[in-house]
Amino acid sequence: MSPMFDRPRPDSLADLLERVLDKGVVLAGDIRVNLLDIELLTIKIRLLLVSVDKAAEMGIDWWRRDPMLSSEAADNQQALQQENAELRARLDALESSGNSQQVIEPADDQQDDQQDSEAAESKARQR
Amino acid sequence: MTEAASYVYLAARELSDDAVTGVTGLSDRPLRLVRNAGLTAVVSTVDLEEFGEDALRRNLEDLGWLEGVVRTHDEVVNRIGRLTAVAPWRLATIMNDDDRVAKLLDTWRVELTESLERVEGCSEWSVKMYADLSERPAAGSGATEHETGTAYLQRRRTETARHADAAQSATVAADQIHLTLSQLTAASRRLPPQDRRLTGHTGEMVLNGAYLVADAESQQFTSLVEELGGDLSDARLDLNGPWPPYSFATLESGGGG
């Protein structure tokens, strides 16, 4: 028997949660309950704040806007980035074609549709 | 009558019944073994009233409840980890019954076996580096009573530059330490820095590294970390472990990176 896991001091909660919530084997299959990533995110956020009630009291909701922590914010950011890219492409095209009146069509309608449905899906998952 | 389910803590290869005799897990229920395909899962019964999907979603937001469950989960993994190589499962993997657990072991036999081989005889260690990036004005450059606007701006500019330099050199030092430790360990992972609000740490966590170290080499590893920590100025290393290989017994990537 190895004494390797005998520990003189209790682990910090942060370390413990990092390991047990974030790491470890996750299998797909006929599983009744599993911690889904999306749920994990909301849990982690709450943990970060230690006391949810206190956080709410203080009006802390920065995570909702953080794309790393909120899929909604991530979707929004993706949409923004795409819009930016499209605008930049149109600007480039306009500049390179001189002052012609040519109007470049938006990149692809299909992509917009896809994004909308993704956003809707993510909202549904959050419920 | 409340519905029951099987909560899975970990997978190992062979495990004797003695390993769990008289040991309780969550809700103080006895641990038991489920064997199949040359693998053994350690499970215990939980009530779906507490661990069902809806209940879990609610309970996971209760930090007190969560801490209790996380600690129990980890204690079970640690206990078995002292006996043999273990692949710890993530918190709250719950199956309808032991038959399903057995089926899952069979389905994932190859991956689980590989993962157990990878962590055999090894433990996980954590090395964190905290850098002190607080602004300290150099001697004689502090604010004076009759400082002019230009002097003030000049001083602020110098301080800001110094702060940026300190952050930059802390990052470089952290990269170097991670590289050094990675080269001497079986596998390594760099995890995101932890949140200060949860840890209460001071300084900036510039490294949160997980290292898979052969138990036979743990002495060397800890000495090395001590040595590296001793060489640092304005920063310190924090060594924790050994732990069961949570970050390395994963199935997807082989734990490298």
# chains A, B, ... in the order shown; residues from 1 in each chain; ligands from 1

call {"tool": "residues_around", "arguments": {"residues": "segment 226-229 of chain B", "least_positions_apart": "5", "cutoff": "12 Å", "atoms": "only C-alpha atoms", "output": "list in words"}}
result
Val127, Lys128, Met129, Tyr130, Ala131, Ala173, Ala174, Gln176, Ile177, His178, Leu179, Thr180, Leu181, Gln219, Gln220, Phe221, Asp234, Ala235, Arg236, Leu237, Asp238, Leu239 and Asn240 of chain B

call {"tool": "residues_around", "arguments": {"residues": "Val26 of chain A", "least_positions_apart": "6", "cutoff": "12 Å", "atoms": "only C-alpha atoms", "output": "PyMOL selection string"}}
result
(chain A and resi 20+33-37) or (chain B and resi 8-11+87-94+104+108+111-112+246-247+249-252)

call {"tool": "select_by_dssp", "arguments": {"residues": "segment 63-110 of chain B", "states": "helix (DSSP H, G or I)", "output": "number ranges by chain"}}
result
B: 63-81, 98-107, 109-110

call {"tool": "atom_distance", "arguments": {"atom1": "atom CA of Glu75 of chain B", "atom2": "atom CA of Asp47 of chain B"}}
result
19.9 Å

call {"tool": "closest_residue", "arguments": {"among": "B:Asp106, B:Asp231, B:Glu67, B:Glu204", "to": "chain A", "atoms": "only C-alpha atoms"}}
result
B:Glu67

call {"tool": "atom_distance", "arguments": {"atom1": "atom CA of Ala187 of chain B", "atom2": "atom CA of Leu17 of chain A"}}
result
21.0 Å

call {"tool": "residues_around", "arguments": {"residues": "Val76 of chain B", "least_positions_apart": "3", "cutoff": "12 Å", "atoms": "only C-alpha atoms", "output": "PDB file with N, CA and C atoms, in the first residue's frame"}}
result
ATOM      1  N   PHE A   5      -1.529   9.022  -1.106  1.00  0.00           N
ATOM      2  CA  PHE A   5      -2.680   9.906  -1.038  1.00  0.00           C
ATOM      3  C   PHE A   5      -3.006  10.367   0.386  1.00  0.00           C
ATOM      4  N   VAL A  20     -12.918  17.701  -9.102  1.00  0.00           N
ATOM      5  CA  VAL A  20     -14.069  16.800  -9.112  1.00  0.00           C
ATOM      6  C   VAL A  20     -15.185  17.285 -10.048  1.00  0.00           C
TER       7      VAL A  20
ATOM      8  N   TYR B   7     -24.709   5.548  -8.257  1.00  0.00           N
ATOM      9  CA  TYR B   7     -23.760   6.646  -8.424  1.00  0.00           C
ATOM     10  C   TYR B   7     -22.368   6.046  -8.589  1.00  0.00           C
ATOM     11  N   VAL B   8     -21.673   6.427  -9.638  1.00  0.00           N
ATOM     12  CA  VAL B   8     -20.361   5.841  -9.932  1.00  0.00           C
ATOM     13  C   VAL B   8     -19.240   6.804  -9.529  1.00  0.00           C
ATOM     14  N   TYR B   9     -18.295   6.314  -8.734  1.00  0.00           N
ATOM     15  CA  TYR B   9     -17.191   7.152  -8.271  1.00  0.00           C
ATOM     16  C   TYR B   9     -15.963   7.040  -9.170  1.00  0.00           C
ATOM     17  N   LEU B  10     -15.696   5.832  -9.595  1.00  0.00           N
ATOM     18  CA  LEU B  10     -14.434   5.626 -10.304  1.00  0.00           C
ATOM     19  C   LEU B  10     -14.442   4.264 -10.979  1.00  0.00           C
ATOM     20  N   ALA B  11     -13.470   4.080 -11.848  1.00  0.00           N
ATOM     21  CA  ALA B  11     -13.224   2.762 -12.428  1.00  0.00           C
ATOM     22  C   ALA B  11     -11.799   2.350 -12.097  1.00  0.00           C
ATOM     23  N   ALA B  19     -11.867  -4.051  -0.400  1.00  0.00           N
ATOM     24  CA  ALA B  19     -11.574  -2.630  -0.606  1.00  0.00           C
ATOM     25  C   ALA B  19     -12.729  -1.739  -0.175  1.00  0.00           C
ATOM     26  N   VAL B  20     -13.946  -2.260  -0.247  1.00  0.00           N
ATOM     27  CA  VAL B  20     -15.088  -1.412   0.072  1.00  0.00           C
ATOM     28  C   VAL B  20     -15.925  -1.937   1.247  1.00  0.00           C
ATOM     29  N   VAL B  23     -17.237   0.355   4.106  1.00  0.00           N
ATOM     30  CA  VAL B  23     -16.998   1.758   3.750  1.00  0.00           C
ATOM     31  C   VAL B  23     -18.281   2.370   3.193  1.00  0.00           C
ATOM     32  N   THR B  24     -18.597   3.562   3.642  1.00  0.00           N
ATOM     33  CA  THR B  24     -19.794   4.223   3.123  1.00  0.00           C
ATOM     34  C   THR B  24     -19.417   5.375   2.221  1.00  0.00           C
ATOM     35  N   GLY B  25     -20.346   5.690   1.343  1.00  0.00           N
ATOM     36  CA  GLY B  25     -20.159   6.806   0.418  1.00  0.00           C
ATOM     37  C   GLY B  25     -21.209   7.865   0.665  1.00  0.00           C
ATOM     38  N   LEU B  26     -21.780   8.372  -0.402  1.00  0.00           N
ATOM     39  CA  LEU B  26     -22.789   9.421  -0.299  1.00  0.00           C
ATOM     40  C   LEU B  26     -23.992   8.941   0.507  1.00  0.00           C
ATOM     41  N   ASP B  28     -24.210   8.178   3.357  1.00  0.00           N
ATOM     42  CA  ASP B  28     -23.794   7.107   4.278  1.00  0.00           C
ATOM     43  C   ASP B  28     -24.221   5.726   3.820  1.00  0.00           C
ATOM     44  N   PRO B  30     -23.523   2.140   1.870  1.00  0.00           N
ATOM     45  CA  PRO B  30     -22.313   1.334   1.642  1.00  0.00           C
ATOM     46  C   PRO B  30     -21.870   1.342   0.176  1.00  0.00           C
ATOM     47  N   LEU B  31     -20.562   1.327   0.003  1.00  0.00           N
ATOM     48  CA  LEU B  31     -20.002   1.208  -1.345  1.00  0.00           C
ATOM     49  C   LEU B  31     -20.089  -0.235  -1.786  1.00  0.00           C
ATOM     50  N   ARG B  32     -20.203  -0.447  -3.078  1.00  0.00           N
ATOM     51  CA  ARG B  32     -20.137  -1.802  -3.629  1.00  0.00           C
ATOM     52  C   ARG B  32     -19.427  -1.763  -4.970  1.00  0.00           C
ATOM     53  N   ALA B  41     -16.091  -0.996 -11.238  1.00  0.00           N
ATOM     54  CA  ALA B  41     -16.575   0.338 -10.888  1.00  0.00           C
ATOM     55  C   ALA B  41     -16.955   0.340  -9.412  1.00  0.00           C
ATOM     56  N   VAL B  42     -16.657   1.438  -8.740  1.00  0.00           N
ATOM     57  CA  VAL B  42     -17.087   1.593  -7.353  1.00  0.00           C
ATOM     58  C   VAL B  42     -18.340   2.466  -7.356  1.00  0.00           C
ATOM     59  N   VAL B  43     -19.408   1.919  -6.801  1.00  0.00           N
ATOM     60  CA  VAL B  43     -20.689   2.632  -6.838  1.00  0.00           C
ATOM     61  C   VAL B  43     -21.355   2.597  -5.458  1.00  0.00           C
ATOM     62  N   SER B  44     -22.326   3.463  -5.293  1.00  0.00           N
ATOM     63  CA  SER B  44     -23.223   3.339  -4.144  1.00  0.00           C
ATOM     64  C   SER B  44     -24.601   3.832  -4.575  1.00  0.00           C
ATOM     65  N   VAL B  69     -20.813  16.663  -0.929  1.00  0.00           N
ATOM     66  CA  VAL B  69     -20.803  15.614  -1.957  1.00  0.00           C
ATOM     67  C   VAL B  69     -19.424  15.508  -2.608  1.00  0.00           C
ATOM     68  N   VAL B  70     -18.844  16.673  -2.906  1.00  0.00           N
ATOM     69  CA  VAL B  70     -17.525  16.686  -3.541  1.00  0.00           C
ATOM     70  C   VAL B  70     -16.487  16.040  -2.624  1.00  0.00           C
ATOM     71  N   ARG B  71     -16.550  16.358  -1.353  1.00  0.00           N
ATOM     72  CA  ARG B  71     -15.572  15.788  -0.420  1.00  0.00           C
ATOM     73  C   ARG B  71     -15.756  14.270  -0.283  1.00  0.00           C
ATOM     74  N   THR B  72     -17.012  13.828  -0.212  1.00  0.00           N
ATOM     75  CA  THR B  72     -17.254  12.387  -0.111  1.00  0.00           C
ATOM     76  C   THR B  72     -16.758  11.670  -1.366  1.00  0.00           C
ATOM     77  N   HIS B  73     -17.085  12.246  -2.516  1.00  0.00           N
ATOM     78  CA  HIS B  73     -16.640  11.676  -3.788  1.00  0.00           C
ATOM     79  C   HIS B  73     -15.111  11.535  -3.785  1.00  0.00           C
ATOM     80  N   ARG B  79      -9.383   6.863  -1.219  1.00  0.00           N
ATOM     81  CA  ARG B  79      -9.279   5.591  -0.493  1.00  0.00           C
ATOM     82  C   ARG B  79      -8.914   4.455  -1.456  1.00  0.00           C
ATOM     83  N   ILE B  80      -9.638   4.386  -2.562  1.00  0.00           N
ATOM     84  CA  ILE B  80      -9.363   3.315  -3.521  1.00  0.00           C
ATOM     85  C   ILE B  80      -8.042   3.579  -4.237  1.00  0.00           C
ATOM     86  N   GLY B  81      -7.746   4.866  -4.440  1.00  0.00           N
ATOM     87  CA  GLY B  81      -6.501   5.233  -5.111  1.00  0.00           C
ATOM     88  C   GLY B  81      -5.264   4.803  -4.341  1.00  0.00           C
ATOM     89  N   ARG B  82      -5.421   4.588  -3.035  1.00  0.00           N
ATOM     90  CA  ARG B  82      -4.290   4.104  -2.245  1.00  0.00           C
ATOM     91  C   ARG B  82      -4.010   2.634  -2.538  1.00  0.00           C
ATOM     92  N   LEU B  83      -5.018   1.954  -3.092  1.00  0.00           N
ATOM     93  CA  LEU B  83      -4.871   0.516  -3.322  1.00  0.00           C
ATOM     94  C   LEU B  83      -4.436   0.181  -4.733  1.00  0.00           C
ATOM     95  N   VAL B  86      -6.568   4.268 -10.329  1.00  0.00           N
ATOM     96  CA  VAL B  86      -7.988   4.586 -10.485  1.00  0.00           C
ATOM     97  C   VAL B  86      -8.194   5.628 -11.578  1.00  0.00           C
ATOM     98  N   ALA B  87      -9.321   5.518 -12.250  1.00  0.00           N
ATOM     99  CA  ALA B  87      -9.774   6.571 -13.154  1.00  0.00           C
ATOM    100  C   ALA B  87     -10.975   7.225 -12.476  1.00  0.00           C
ATOM    101  N   PRO B  88     -10.760   8.370 -11.815  1.00  0.00           N
ATOM    102  CA  PRO B  88     -11.867   9.019 -11.106  1.00  0.00           C
ATOM    103  C   PRO B  88     -12.890   9.545 -12.104  1.00  0.00           C
ATOM    104  N   TRP B  89     -14.158   9.342 -11.789  1.00  0.00           N
ATOM    105  CA  TRP B  89     -15.186   9.880 -12.667  1.00  0.00           C
ATOM    106  C   TRP B  89     -15.592  11.244 -12.173  1.00  0.00           C
ATOM    107  N   LEU B  91     -17.889  14.239 -10.940  1.00  0.00           N
ATOM    108  CA  LEU B  91     -18.984  14.253  -9.990  1.00  0.00           C
ATOM    109  C   LEU B  91     -20.325  13.971 -10.677  1.00  0.00           C
ATOM    110  N   PRO B 244      -5.328  11.822  -6.595  1.00  0.00           N
ATOM    111  CA  PRO B 244      -5.634  10.874  -7.670  1.00  0.00           C
ATOM    112  C   PRO B 244      -5.614  11.632  -9.005  1.00  0.00           C
TER     113      PRO B 244
END

call {"tool": "atom_distance", "arguments": {"atom1": "atom CA of Glu61 of chain B", "atom2": "atom CA of Leu21 of chain A"}}
result
12.7 Å

call {"tool": "residues_around", "arguments": {"residues": "Thr2 of chain B", "least_positions_apart": "5", "cutoff": "10 Å", "atoms": "only C-alpha atoms", "output": "list in words"}}
result
Val46, Asp47, Leu48, Glu49 and Glu50 of chain B

call {"tool": "write_last_selection", "arguments": {"atoms": "N, CA and C atoms", "output": "CSV table (one decimal), in the first residue's frame"}}
result
chain,number,residue,atom,x,y,z
B,46,VAL,N,-27.9,6.0,-4.6
B,46,VAL,CA,-28.4,7.3,-4.2
B,46,VAL,C,-29.9,7.4,-4.5
B,47,ASP,N,-30.6,8.3,-3.8
B,47,ASP,CA,-32.0,8.5,-4.1
B,47,ASP,C,-32.1,9.5,-5.1
B,48,LEU,N,-33.0,9.3,-6.1
B,48,LEU,CA,-33.2,10.3,-7.1
B,48,LEU,C,-33.9,11.5,-6.6
B,49,GLU,N,-34.5,11.3,-5.4
B,49,GLU,CA,-35.1,12.5,-4.8
B,49,GLU,C,-34.0,13.6,-4.5
B,50,GLU,N,-32.8,13.1,-4.3
B,50,GLU,CA,-31.7,14.0,-4.0
B,50,GLU,C,-30.8,14.2,-5.2

call {"tool": "select_by_dssp", "arguments": {"residues": "segment 2-242 of chain B", "states": "strand (DSSP E or B)", "output": "ChimeraX atom specification"}}
result
/B:4-12,24,30,32-36,39-47,86-95,122-131,187-190,204-214,235-242

call {"tool": "closest_residue", "arguments": {"among": "A:Ala89, A:Leu94, A:Val25, A:Leu13", "to": "chain B", "atoms": "only C-alpha atoms"}}
result
A:Val25
